[in-house]
file work_17.json (JSON, C-alpha atoms)
[["chain", "number", "residue", "atom", "x", "y", "z"],
["A", 1, "MET", "CA", -18.83, -1.60, -2.40],
["A", 2, "SER", "CA", -20.92, 0.65, -4.61],
["A", 3, "ARG", "CA", -20.86, 4.43, -4.14],
["A", 4, "SER", "CA", -23.86, 6.74, -4.12],
["A", 5, "VAL", "CA", -23.51, 9.71, -6.47],
["A", 6, "GLN", "CA", -26.33, 12.25, -6.29],
["A", 7, "ASN", "CA", -24.70, 15.62, -6.96],
["A", 8, "VAL", "CA", -21.92, 16.18, -9.51],
["A", 9, "LEU", "CA", -19.88, 19.30, -10.25],
["A", 10, "ILE", "CA", -18.40, 19.54, -13.76],
["A", 11, "ILE", "CA", -15.48, 22.01, -14.02],
["A", 12, "ALA", "CA", -14.66, 22.93, -17.63],
["A", 13, "ASN", "CA", -11.65, 24.96, -18.74],
["A", 14, "LEU", "CA", -12.85, 26.91, -21.77],
["A", 15, "HIS", "CA", -9.28, 27.45, -22.94],
["A", 16, "LYS", "CA", -9.49, 23.82, -24.09],
["A", 17, "ASP", "CA", -11.37, 23.12, -27.30],
["A", 18, "ARG", "CA", -14.64, 21.24, -26.80],
["A", 19, "ALA", "CA", -14.41, 21.35, -23.00],
["A", 20, "GLY", "CA", -17.61, 23.36, -22.74],
["A", 21, "ASP", "CA", -19.53, 21.09, -25.15],
["A", 22, "VAL", "CA", -18.33, 17.92, -23.42],
["A", 23, "ALA", "CA", -19.28, 19.38, -20.02],
["A", 24, "ASP", "CA", -22.81, 20.11, -21.26],
["A", 25, "SER", "CA", -23.08, 16.59, -22.69],
["A", 26, "ILE", "CA", -22.01, 15.00, -19.40],
["A", 27, "ARG", "CA", -24.46, 17.18, -17.48],
["A", 28, "ASP", "CA", -27.38, 16.31, -19.76],
["A", 29, "GLU", "CA", -26.65, 12.58, -19.57],
["A", 30, "LEU", "CA", -26.38, 12.61, -15.78],
["A", 31, "ILE", "CA", -29.54, 14.68, -15.33],
["A", 32, "ALA", "CA", -31.40, 12.22, -17.57],
["A", 33, "GLU", "CA", -30.48, 9.54, -15.01],
["A", 34, "GLY", "CA", -31.81, 11.58, -12.10],
["A", 35, "ILE", "CA", -28.40, 12.86, -10.94],
["A", 36, "ASP", "CA", -28.12, 16.57, -10.13],
["A", 37, "ALA", "CA", -25.25, 17.92, -12.25],
["A", 38, "VAL", "CA", -23.95, 21.50, -12.43],
["A", 39, "VAL", "CA", -21.45, 22.85, -14.97],
["A", 40, "PHE", "CA", -18.89, 25.48, -13.93],
["A", 41, "LYS", "CA", -17.12, 26.95, -16.96],
["A", 42, "PHE", "CA", -14.16, 29.27, -16.56],
["A", 43, "LYS", "CA", -11.41, 31.21, -18.26],
["A", 44, "GLY", "CA", -8.58, 32.99, -16.51],
["A", 45, "LYS", "CA", -8.91, 33.25, -12.73],
["A", 46, "PRO", "CA", -12.57, 32.97, -11.72],
["A", 47, "ALA", "CA", -14.15, 33.07, -8.30],
["A", 48, "PRO", "CA", -14.61, 29.49, -7.06],
["A", 49, "PRO", "CA", -18.08, 27.93, -7.30],
["A", 50, "PRO", "CA", -20.12, 26.83, -4.25],
["A", 51, "ILE", "CA", -19.17, 23.25, -3.39],
["A", 52, "ASP", "CA", -21.12, 22.37, -0.26],
["A", 53, "HIS", "CA", -23.44, 19.68, -1.64],
["A", 54, "PHE", "CA", -21.36, 17.85, -4.28],
["A", 55, "ASP", "CA", -20.08, 14.31, -3.83],
["A", 56, "LEU", "CA", -18.09, 13.99, -7.11],
["A", 57, "ALA", "CA", -16.41, 16.35, -9.56],
["A", 58, "PHE", "CA", -15.27, 16.11, -13.16],
["A", 59, "SER", "CA", -12.32, 18.23, -14.30],
["A", 60, "LEU", "CA", -12.31, 18.88, -18.05],
["A", 61, "GLY", "CA", -9.06, 20.29, -19.38],
["A", 62, "GLY", "CA", -5.50, 19.32, -18.56],
["A", 63, "ASP", "CA", -3.36, 18.92, -15.47],
["A", 64, "GLY", "CA", -3.67, 22.65, -14.75],
["A", 65, "THR", "CA", -7.44, 22.28, -14.55],
["A", 66, "VAL", "CA", -7.04, 19.49, -11.99],
["A", 67, "LEU", "CA", -4.74, 21.79, -9.98],
["A", 68, "PHE", "CA", -7.45, 24.45, -10.02],
["A", 69, "ALA", "CA", -10.15, 21.92, -9.11],
["A", 70, "SER", "CA", -8.09, 20.46, -6.26],
["A", 71, "ARG", "CA", -7.67, 23.90, -4.68],
["A", 72, "VAL", "CA", -11.35, 24.74, -5.12],
["A", 73, "LEU", "CA", -12.40, 21.43, -3.56],
["A", 74, "SER", "CA", -9.67, 21.20, -0.89],
["A", 75, "SER", "CA", -12.04, 21.98, 1.97],
["A", 76, "ARG", "CA", -14.35, 19.08, 1.07],
["A", 77, "PRO", "CA", -13.66, 15.34, 0.52],
["A", 78, "ILE", "CA", -14.84, 15.41, -3.10],
["A", 79, "PRO", "CA", -13.15, 12.96, -5.50],
["A", 80, "ILE", "CA", -12.08, 14.32, -8.90],
["A", 81, "ILE", "CA", -12.24, 12.50, -12.23],
["A", 82, "GLY", "CA", -9.75, 14.18, -14.55],
["A", 83, "VAL", "CA", -10.80, 14.19, -18.22],
["A", 84, "ASN", "CA", -8.03, 15.25, -20.57],
["A", 85, "MET", "CA", -9.03, 17.44, -23.48],
["A", 86, "GLY", "CA", -5.56, 17.31, -25.06],
["A", 87, "ASP", "CA", -2.43, 15.25, -24.49],
["A", 88, "PHE", "CA", -2.40, 12.85, -21.56],
["A", 89, "GLY", "CA", -1.07, 14.38, -18.37],
["A", 90, "PHE", "CA", 0.09, 13.07, -15.05],
["A", 91, "LEU", "CA", -3.27, 13.86, -13.43],
["A", 92, "THR", "CA", -5.69, 13.48, -16.35],
["A", 93, "GLU", "CA", -5.58, 9.90, -17.56],
["A", 94, "ILE", "CA", -8.91, 9.44, -19.38],
["A", 95, "THR", "CA", -10.24, 10.81, -22.65],
["A", 96, "GLU", "CA", -13.58, 12.46, -23.27],
["A", 97, "THR", "CA", -14.91, 9.17, -24.68],
["A", 98, "GLU", "CA", -13.91, 7.25, -21.54],
["A", 99, "TRP", "CA", -15.75, 9.37, -18.97],
["A", 100, "ARG", "CA", -18.91, 7.24, -19.00],
["A", 101, "GLU", "CA", -17.11, 3.95, -18.36],
["A", 102, "THR", "CA", -14.95, 5.58, -15.67],
["A", 103, "PHE", "CA", -18.00, 7.05, -13.95],
["A", 104, "ASP", "CA", -19.82, 3.71, -13.94],
["A", 105, "GLU", "CA", -16.75, 1.90, -12.59],
["A", 106, "TYR", "CA", -16.36, 4.53, -9.87],
["A", 107, "ARG", "CA", -20.00, 4.16, -8.79],
["A", 108, "ALA", "CA", -19.62, 0.38, -8.75],
["A", 109, "GLY", "CA", -16.69, 0.73, -6.35],
["A", 110, "ARG", "CA", -14.16, -0.74, -8.75],
["A", 111, "LEU", "CA", -11.86, 2.29, -8.89],
["A", 112, "ASP", "CA", -9.52, 3.58, -6.20],
["A", 113, "VAL", "CA", -9.41, 7.18, -4.99],
["A", 114, "GLU", "CA", -5.83, 8.28, -4.44],
["A", 115, "GLU", "CA", -5.21, 10.81, -1.68],
["A", 116, "ARG", "CA", -2.60, 13.34, -2.79],
["A", 117, "MET", "CA", -0.75, 15.69, -0.46],
["A", 118, "ILE", "CA", -1.79, 19.35, -0.55],
["A", 119, "GLN", "CA", 0.47, 22.12, 0.72],
["A", 120, "ASP", "CA", -0.67, 24.73, 3.23],
["A", 121, "VAL", "CA", 1.31, 27.89, 2.39],
["A", 122, "ARG", "CA", 1.41, 30.94, 4.64],
["A", 123, "VAL", "CA", 3.18, 34.27, 4.31],
["A", 124, "GLU", "CA", 4.07, 36.09, 7.52],
["A", 125, "ARG", "CA", 4.96, 39.79, 7.39],
["A", 126, "ALA", "CA", 5.89, 41.81, 10.46],
["A", 127, "GLY", "CA", 4.51, 39.08, 12.71],
["A", 128, "GLN", "CA", 1.15, 38.81, 10.91],
["A", 129, "VAL", "CA", -0.08, 36.21, 8.43],
["A", 130, "VAL", "CA", -0.87, 38.30, 5.34],
["A", 131, "ALA", "CA", -1.66, 35.52, 2.86],
["A", 132, "ARG", "CA", -2.56, 31.86, 2.84],
["A", 133, "PHE", "CA", -2.84, 29.42, -0.05],
["A", 134, "VAL", "CA", -3.23, 25.73, -0.75],
["A", 135, "GLY", "CA", -1.49, 23.97, -3.62],
["A", 136, "LEU", "CA", -1.27, 20.48, -5.06],
["A", 137, "ASN", "CA", 2.00, 20.85, -7.00],
["A", 138, "ASP", "CA", 4.49, 23.28, -5.54],
["A", 139, "THR", "CA", 5.45, 26.58, -4.02],
["A", 140, "VAL", "CA", 8.11, 28.54, -5.90],
["A", 141, "ILE", "CA", 9.97, 31.64, -4.70],
["A", 142, "SER", "CA", 11.95, 33.34, -7.45],
["A", 143, "ALA", "CA", 13.28, 36.62, -8.77],
["A", 144, "ALA", "CA", 10.90, 38.94, -10.58],
["A", 145, "GLY", "CA", 13.48, 41.17, -12.29],
["A", 146, "ILE", "CA", 16.46, 40.88, -14.61],
["A", 147, "ALA", "CA", 18.97, 40.34, -11.80],
["A", 148, "LYS", "CA", 18.08, 36.74, -11.09],
["A", 149, "ILE", "CA", 19.89, 35.83, -7.89],
["A", 150, "ILE", "CA", 17.97, 36.26, -4.64],
["A", 151, "ARG", "CA", 18.98, 35.62, -1.04],
["A", 152, "LEU", "CA", 17.02, 33.20, 1.10],
["A", 153, "SER", "CA", 17.44, 31.55, 4.48],
["A", 154, "VAL", "CA", 15.86, 28.08, 4.69],
["A", 155, "ARG", "CA", 14.87, 25.94, 7.65],
["A", 156, "VAL", "CA", 13.28, 22.49, 7.90],
["A", 157, "GLY", "CA", 11.51, 22.26, 11.23],
["A", 158, "ASP", "CA", 14.01, 23.54, 13.80],
["A", 159, "MET", "CA", 17.00, 22.74, 11.58],
["A", 160, "ASN", "CA", 18.80, 25.43, 9.61],
["A", 161, "LEU", "CA", 19.63, 24.37, 6.03],
["A", 162, "GLY", "CA", 21.63, 27.54, 5.46],
["A", 163, "ASN", "CA", 21.60, 30.71, 3.41],
["A", 164, "TYR", "CA", 20.89, 30.29, -0.29],
["A", 165, "ARG", "CA", 21.97, 32.53, -3.15],
["A", 166, "ALA", "CA", 20.01, 31.19, -6.09],
["A", 167, "ASP", "CA", 17.52, 31.98, -8.81],
["A", 168, "GLY", "CA", 14.94, 30.76, -6.33],
["A", 169, "ILE", "CA", 13.70, 27.71, -4.51],
["A", 170, "ILE", "CA", 10.96, 25.14, -5.08],
["A", 171, "VAL", "CA", 9.10, 23.23, -2.40],
["A", 172, "ALA", "CA", 7.26, 20.46, -4.23],
["A", 173, "THR", "CA", 4.82, 17.73, -3.27],
["A", 174, "PRO", "CA", 5.20, 14.22, -4.76],
["A", 175, "THR", "CA", 2.52, 15.17, -7.28],
["A", 176, "GLY", "CA", 4.51, 18.28, -8.19],
["A", 177, "SER", "CA", 7.81, 16.39, -8.43],
["A", 178, "THR", "CA", 7.24, 15.91, -12.17],
["A", 179, "ALA", "CA", 6.66, 19.63, -12.79],
["A", 180, "HIS", "CA", 8.97, 22.63, -12.19],
["A", 181, "SER", "CA", 11.07, 20.72, -9.68],
["A", 182, "ALA", "CA", 11.95, 18.00, -12.21],
["A", 183, "ALA", "CA", 12.96, 20.67, -14.74],
["A", 184, "ALA", "CA", 15.27, 22.12, -12.06],
["A", 185, "GLY", "CA", 16.97, 18.75, -11.55],
["A", 186, "GLY", "CA", 14.90, 17.45, -8.66],
["A", 187, "PRO", "CA", 13.97, 13.80, -8.05],
["A", 188, "ILE", "CA", 10.69, 12.27, -9.14],
["A", 189, "LEU", "CA", 8.58, 10.82, -6.32],
["A", 190, "ASP", "CA", 5.71, 8.39, -6.47],
["A", 191, "PRO", "CA", 2.65, 10.63, -5.93],
["A", 192, "ARG", "CA", 1.43, 8.42, -3.07],
["A", 193, "MET", "CA", 4.48, 9.20, -0.93],
["A", 194, "ASP", "CA", 4.34, 11.41, 2.17],
["A", 195, "ALA", "CA", 7.28, 13.74, 1.53],
["A", 196, "MET", "CA", 8.29, 17.09, 0.10],
["A", 197, "ILE", "CA", 11.20, 18.18, -2.08],
["A", 198, "VAL", "CA", 13.25, 21.29, -1.24],
["A", 199, "ASN", "CA", 14.98, 22.19, -4.49],
["A", 200, "PRO", "CA", 17.13, 25.31, -5.08],
["A", 201, "ILE", "CA", 16.98, 26.77, -8.59],
["A", 202, "CYS", "CA", 20.46, 27.30, -10.06],
["A", 203, "PRO", "CA", 22.19, 27.85, -6.69],
["A", 204, "PHE", "CA", 25.33, 29.98, -6.64],
["A", 205, "THR", "CA", 26.92, 27.37, -4.35],
["A", 206, "LEU", "CA", 26.93, 24.09, -6.25],
["A", 207, "SER", "CA", 26.90, 22.05, -3.03],
["A", 208, "HIS", "CA", 23.30, 23.13, -2.44],
["A", 209, "ARG", "CA", 21.38, 20.15, -3.77],
["A", 210, "PRO", "CA", 17.71, 19.06, -3.78],
["A", 211, "ILE", "CA", 16.68, 17.16, -0.67],
["A", 212, "VAL", "CA", 13.61, 15.11, 0.23],
["A", 213, "VAL", "CA", 12.12, 15.74, 3.66],
["A", 214, "PRO", "CA", 9.34, 13.90, 5.54],
["A", 215, "GLY", "CA", 5.81, 15.12, 4.92],
["A", 216, "TYR", "CA", 5.32, 16.08, 8.56],
["A", 217, "GLU", "CA", 8.10, 18.69, 8.43],
["A", 218, "THR", "CA", 7.56, 22.42, 7.98],
["A", 219, "VAL", "CA", 9.75, 24.26, 5.48],
["A", 220, "SER", "CA", 10.35, 27.93, 6.39],
["A", 221, "ILE", "CA", 11.92, 30.40, 3.98],
["A", 222, "LEU", "CA", 13.05, 33.87, 5.06],
["A", 223, "ILE", "CA", 13.37, 36.53, 2.36],
["A", 224, "GLU", "CA", 16.62, 38.20, 3.41],
["A", 225, "GLN", "CA", 17.01, 41.96, 3.54],
["A", 226, "GLN", "CA", 19.60, 42.48, 0.82],
["A", 227, "GLN", "CA", 17.90, 41.85, -2.52],
["A", 228, "ARG", "CA", 18.88, 43.18, -5.94],
["A", 229, "THR", "CA", 15.51, 42.39, -7.48],
["A", 230, "ASP", "CA", 11.86, 41.96, -6.59],
["A", 231, "VAL", "CA", 10.81, 38.55, -5.29],
["A", 232, "LEU", "CA", 7.69, 36.61, -6.25],
["A", 233, "MET", "CA", 5.98, 33.54, -4.85],
["A", 234, "THR", "CA", 3.83, 31.31, -7.07],
["A", 235, "VAL", "CA", 1.68, 28.39, -5.96],
["A", 236, "ASP", "CA", 0.91, 25.72, -8.56],
["A", 237, "GLY", "CA", 2.12, 28.18, -11.19],
["A", 238, "GLN", "CA", -1.31, 29.83, -10.98],
["A", 239, "LEU", "CA", -1.38, 31.96, -7.82],
["A", 240, "VAL", "CA", 1.11, 34.82, -7.57],
["A", 241, "LEU", "CA", 2.12, 37.01, -4.63],
["A", 242, "PRO", "CA", 4.92, 39.64, -4.49],
["A", 243, "LEU", "CA", 7.13, 39.16, -1.42],
["A", 244, "GLU", "CA", 9.02, 41.71, 0.65],
["A", 245, "ALA", "CA", 12.31, 41.54, 2.48],
["A", 246, "GLY", "CA", 11.71, 40.06, 5.92],
["A", 247, "ASP", "CA", 8.73, 37.94, 4.82],
["A", 248, "ILE", "CA", 8.66, 34.36, 6.07],
["A", 249, "VAL", "CA", 7.01, 31.74, 3.88],
["A", 250, "THR", "CA", 6.05, 28.49, 5.61],
["A", 251, "VAL", "CA", 5.07, 25.39, 3.66],
["A", 252, "ARG", "CA", 3.59, 22.39, 5.42],
["A", 253, "ARG", "CA", 1.34, 19.44, 4.66],
["A", 254, "SER", "CA", -2.30, 20.46, 4.80],
["A", 255, "GLU", "CA", -4.78, 18.50, 6.87],
["A", 256, "ALA", "CA", -6.83, 18.27, 3.67],
["A", 257, "CYS", "CA", -5.83, 16.30, 0.60],
["A", 258, "ALA", "CA", -6.76, 16.07, -3.06],
["A", 259, "ARG", "CA", -8.75, 12.97, -3.97],
["A", 260, "ILE", "CA", -8.02, 11.81, -7.50],
["A", 261, "VAL", "CA", -9.97, 8.93, -9.04],
["A", 262, "HIS", "CA", -7.51, 6.47, -10.56],
["A", 263, "ALA", "CA", -9.01, 4.89, -13.66],
["A", 264, "ARG", "CA", -6.29, 2.18, -13.89],
["A", 265, "ARG", "CA", -5.96, 2.60, -17.63],
["A", 266, "ARG", "CA", -2.52, 4.15, -17.37],
["A", 267, "SER", "CA", -0.34, 3.92, -14.28],
["A", 268, "PHE", "CA", 1.84, 6.77, -13.05],
["A", 269, "TYR", "CA", 4.85, 4.90, -14.39],
["A", 270, "ASP", "CA", 3.24, 4.38, -17.80],
["A", 271, "VAL", "CA", 2.64, 8.12, -18.09],
["A", 272, "LEU", "CA", 6.11, 8.88, -16.72],
["A", 273, "ARG", "CA", 7.78, 6.62, -19.28],
["A", 274, "SER", "CA", 5.73, 8.15, -22.10],
["A", 275, "LYS", "CA", 6.13, 11.79, -21.06],
["A", 276, "LEU", "CA", 9.89, 11.52, -20.49],
["A", 277, "ASN", "CA", 10.44, 9.35, -23.55],
["A", 278, "TRP", "CA", 12.15, 6.64, -21.56],
["A", 279, "SER", "CA", 13.40, 3.85, -23.79],
["A", 280, "GLY", "CA", 16.10, 1.24, -24.07],
["A", 281, "GLY", "CA", 15.83, -2.42, -23.24],
["A", 282, "PRO", "CA", 12.88, -4.76, -23.74],
["A", 283, "SER", "CA", 9.34, -4.10, -22.68],
["A", 284, "PRO", "CA", 8.00, -6.28, -19.82],
["A", 285, "ASP", "CA", 6.25, -8.54, -22.36],
["A", 286, "GLU", "CA", 9.62, -9.35, -23.87],
["A", 287, "TRP", "CA", 11.33, -10.37, -20.62],
["A", 288, "ILE", "CA", 12.22, -14.04, -20.59],
["A", 289, "VAL", "CA", 13.01, -15.36, -17.14],
["A", 290, "GLY", "CA", 16.04, -17.67, -17.16],
["A", 291, "SER", "CA", 16.92, -17.01, -20.80],
["A", 292, "SER", "CA", 20.45, -18.07, -21.73],
["A", 293, "ASP", "CA", 20.58, -15.72, -24.71],
["A", 294, "GLY", "CA", 23.49, -13.38, -24.12],
["A", 295, "GLY", "CA", 22.78, -11.23, -27.17],
["A", 296, "GLU", "CA", 21.82, -7.57, -26.90],
["A", 297, "SER", "CA", 18.39, -6.18, -27.70],
["A", 298, "ASP", "CA", 17.88, -4.60, -31.10],
["A", 299, "ASP", "CA", 16.91, -1.40, -29.23],
["A", 300, "ALA", "CA", 20.24, -1.16, -27.39]]
call {"tool": "encode", "arguments": {"input": "work_17.json", "output": "C-alpha cells"}}
result
Amino acid sequence: MSRSVQNVLIIANLHKDRAGDVADSIRDELIAEGIDAVVFKFKGKPAPPPIDHFDLAFSLGGDGTVLFASRVLSSRPIPIIGVNMGDFGFLTEITETEWRETFDEYRAGRLDVEERMIQDVRVERAGQVVARFVGLNDTVISAAGIAKIIRLSVRVGDMNLGNYRADGIIVATPTGSTAHSAAAGGPILDPRMDAMIVNPICPFTLSHRPIVVPGYETVSILIEQQQRTDVLMTVDGQLVLPLEAGDIVTVRRSEACARIVHARRRSFYDVLRSKLNWSGGPSPDEWIVGSSDGGESDDA
C-alpha cells in the first residue's frame, strides 16, 4: 500500500563533509514536487527542532546522527531514512546517491519500517526523579577519574543480581549490542529482538558475566556510597550526567520506539559480517547441497 508523504524533516550533521549540501539538494528536489521539506543542520549538541507536523525524516551523517534523530523524534511515530555520508554503519545503509530510489520505494509501500527498542532512563536522587533520557543504543555507568573501579548494586525487576565492583556497567538494547557492549565482550542481538543486555565492564569478580534479560524487565542500578572516583552516566555516548552516591538509575523499555526504514540493500547480517571482518568458509553462492567433495575450501 502506498504511503502519503507531505512533510519531510532533513537532519544533517555538519561534521560530515557534504551533509549540508546533500540536505539542501534533497529539500529542493522534494519542494519541486510539492512536498514541504525543512532542513535542520547541526553541530555539537543543538536544541531539537519542532517535529509536530512531519511524517518522514532523513538523517544525513552516520550512525550517531541516527541516534540523535531517534531521540529527537521519539515522541512521534516518524520513520527515519538513514543516509550515510561516510562508511556504512549498522543504522545507515544507503548512500547519498541512493536516497531518491529509497524514498520512492518507501512511498510506494515496498520498504519495511523496523521498530527498534528505545530505552527510558531515569535517575532518582533522594526520592526524586532528577533526570530523564531516552536512548536507542545504551546506558553506560562508569568511572570518571583515574581510579577506575566503582561499586554498584544491580537489580532486574525484583531480583537482586548482586554487588558489582567493575569499571562500570552497560545496559544495551539490541540495536546497541554492536556498540560499546560488544567491545566489552557482550553478545550481539538481532535488532528486532525484545531484550536488553546487562554487561559489566571489566568486573573485579570474573564470574560476573553479561546476561540477556526480557525487554519487559526494569534494570535498576544503585550507586553505592563508598566510591573512590566520580561516576558518570552516558546515554548513547552523547548525553552525559554526573551521578552521586545513593542515586538509582532505572532503565526500562520505552513505550515509544525508533522507526528505521529498511532499504533491503544490505541486511543486518551483511553489515555485521563486513564490519567485523567475518570470513572463512564459502559464501552462500558457493554452497553445493549434497556435494560429495570432501576437500577443504581454499579460504580455510
call {"tool": "residues_around", "arguments": {"input": "work_17.json", "residues": "Gln6 in chain A", "least_positions_apart": "6", "cutoff": "9 Å", "atoms": "all atoms listed in the file", "output": "short mmCIF file (atom, residue, chain, number, x, y, z; two decimals) with C-alpha atoms, keeping the file's coordinate frame"}}
result
data_model
loop_
_atom_site.label_atom_id
_atom_site.label_comp_id
_atom_site.auth_asym_id
_atom_site.auth_seq_id
_atom_site.Cartn_x
_atom_site.Cartn_y
_atom_site.Cartn_z
CA GLY A 34 -31.81 11.58 -12.10
CA ILE A 35 -28.40 12.86 -10.94
CA ASP A 36 -28.12 16.57 -10.13
CA ALA A 37 -25.25 17.92 -12.25
CA PHE A 54 -21.36 17.85 -4.28
CA ASP A 55 -20.08 14.31 -3.83
CA LEU A 56 -18.09 13.99 -7.11
#
call {"tool": "residues_around", "arguments": {"input": "work_17.json", "residues": "Met193 in chain A", "least_positions_apart": "4", "cutoff": "10 Å", "atoms": "only C-alpha atoms", "output": "compact mmCIF listing (two decimals) with C-alpha atoms, in the coordinates of the input"}}
result
# COMPACT_ATOMS: atom_id res chain seq x y z
CA GLU A 115 -5.21 10.81 -1.68
CA ARG A 116 -2.60 13.34 -2.79
CA MET A 117 -0.75 15.69 -0.46
CA THR A 173 4.82 17.73 -3.27
CA PRO A 174 5.20 14.22 -4.76
CA THR A 175 2.52 15.17 -7.28
CA LEU A 189 8.58 10.82 -6.32
CA PRO A 214 9.34 13.90 5.54
CA GLY A 215 5.81 15.12 4.92
call {"tool": "atom_distance", "arguments": {"input": "work_17.json", "atom1": "CA of Ile78 in chain A", "atom2": "CA of Ile51 in chain A"}}
result
9.0 Å
call {"tool": "closest_residue", "arguments": {"input": "work_17.json", "among": "A:Val219, A:Ile118, A:Val83, A:Leu91", "to": "Ala179 in chain A", "atoms": "all atoms listed in the file"}}
result
A:Leu91
call {"tool": "residues_around", "arguments": {"input": "work_17.json", "residues": "Lys41 in chain A", "least_positions_apart": "3", "cutoff": "7 Å", "atoms": "only C-alpha atoms", "output": "PyMOL selection string"}}
result
chain A and resi 11-14+20
call {"tool": "axis_aligned_box", "arguments": {"input": "work_17.json", "around": "range 125-140 of chain A", "padding_each_side": "5 Å", "output": "lines of an AutoDock Vina configuration file"}}
result
center_x = 2.4
center_y = 31.1
center_z = 2.9
size_x = 21.3
size_y = 31.3
size_z = 29.7
call {"tool": "residues_near_point", "arguments": {"input": "work_17.json", "point": "(-13.1, 2.5, -9.8)", "cutoff": "10 Å", "atoms": "all atoms listed in the file", "output": "number ranges by chain"}}
result
A: 2-3, 101-113, 261-264
call {"tool": "atom_distance", "arguments": {"input": "work_17.json", "atom1": "CA of Arg265 in chain A", "atom2": "CA of Val171 in chain A"}}
result
29.7 Å
call {"tool": "atom_distance", "arguments": {"input": "work_17.json", "atom1": "CA of Leu232 in chain A", "atom2": "CA of Tyr164 in chain A"}}
result
15.8 Å
call {"tool": "closest_residue", "arguments": {"input": "work_17.json", "among": "A:Arg209, A:Lys148, A:Arg266, A:His180", "to": "Gln227 in chain A", "atoms": "all atoms listed in the file"}}
result
A:Lys148
call {"tool": "decode", "arguments": {"input": "work_17.json", "residues": "range 118-145 of chain A", "atoms": "C-alpha atoms", "output": "PDB file, in the first residue's frame"}}
result
ATOM      1  CA  ILE A 118      14.220   2.723  22.859  1.00  0.00           C
ATOM      2  CA  GLN A 119      15.296   2.909  26.496  1.00  0.00           C
ATOM      3  CA  ASP A 120      13.568   5.108  29.057  1.00  0.00           C
ATOM      4  CA  VAL A 121      16.285   6.112  31.542  1.00  0.00           C
ATOM      5  CA  ARG A 122      15.548   7.815  34.853  1.00  0.00           C
ATOM      6  CA  VAL A 123      17.808   8.993  37.651  1.00  0.00           C
ATOM      7  CA  GLU A 124      16.334   9.122  41.144  1.00  0.00           C
ATOM      8  CA  ARG A 125      18.095  11.148  43.852  1.00  0.00           C
ATOM      9  CA  ALA A 126      16.810  11.409  47.409  1.00  0.00           C
ATOM     10  CA  GLY A 127      13.435  10.056  46.327  1.00  0.00           C
ATOM     11  CA  GLN A 128      13.009  12.485  43.407  1.00  0.00           C
ATOM     12  CA  VAL A 129      13.478  11.914  39.679  1.00  0.00           C
ATOM     13  CA  VAL A 130      16.177  14.458  38.776  1.00  0.00           C
ATOM     14  CA  ALA A 131      16.823  13.460  35.159  1.00  0.00           C
ATOM     15  CA  ARG A 132      15.186  11.504  32.380  1.00  0.00           C
ATOM     16  CA  PHE A 133      16.529  10.466  28.992  1.00  0.00           C
ATOM     17  CA  VAL A 134      15.687   8.245  26.055  1.00  0.00           C
ATOM     18  CA  GLY A 135      18.295   6.289  24.113  1.00  0.00           C
ATOM     19  CA  LEU A 136      18.416   3.924  21.165  1.00  0.00           C
ATOM     20  CA  ASN A 137      21.773   2.263  21.894  1.00  0.00           C
ATOM     21  CA  ASP A 138      22.712   2.011  25.539  1.00  0.00           C
ATOM     22  CA  THR A 139      23.082   3.425  29.003  1.00  0.00           C
ATOM     23  CA  VAL A 140      26.593   3.287  30.460  1.00  0.00           C
ATOM     24  CA  ILE A 141      27.622   3.990  34.058  1.00  0.00           C
ATOM     25  CA  SER A 142      31.370   4.293  34.504  1.00  0.00           C
ATOM     26  CA  ALA A 143      34.168   5.917  36.462  1.00  0.00           C
ATOM     27  CA  ALA A 144      35.105   9.495  35.662  1.00  0.00           C
ATOM     28  CA  GLY A 145      38.515   9.578  37.348  1.00  0.00           C
TER      29      GLY A 145
END
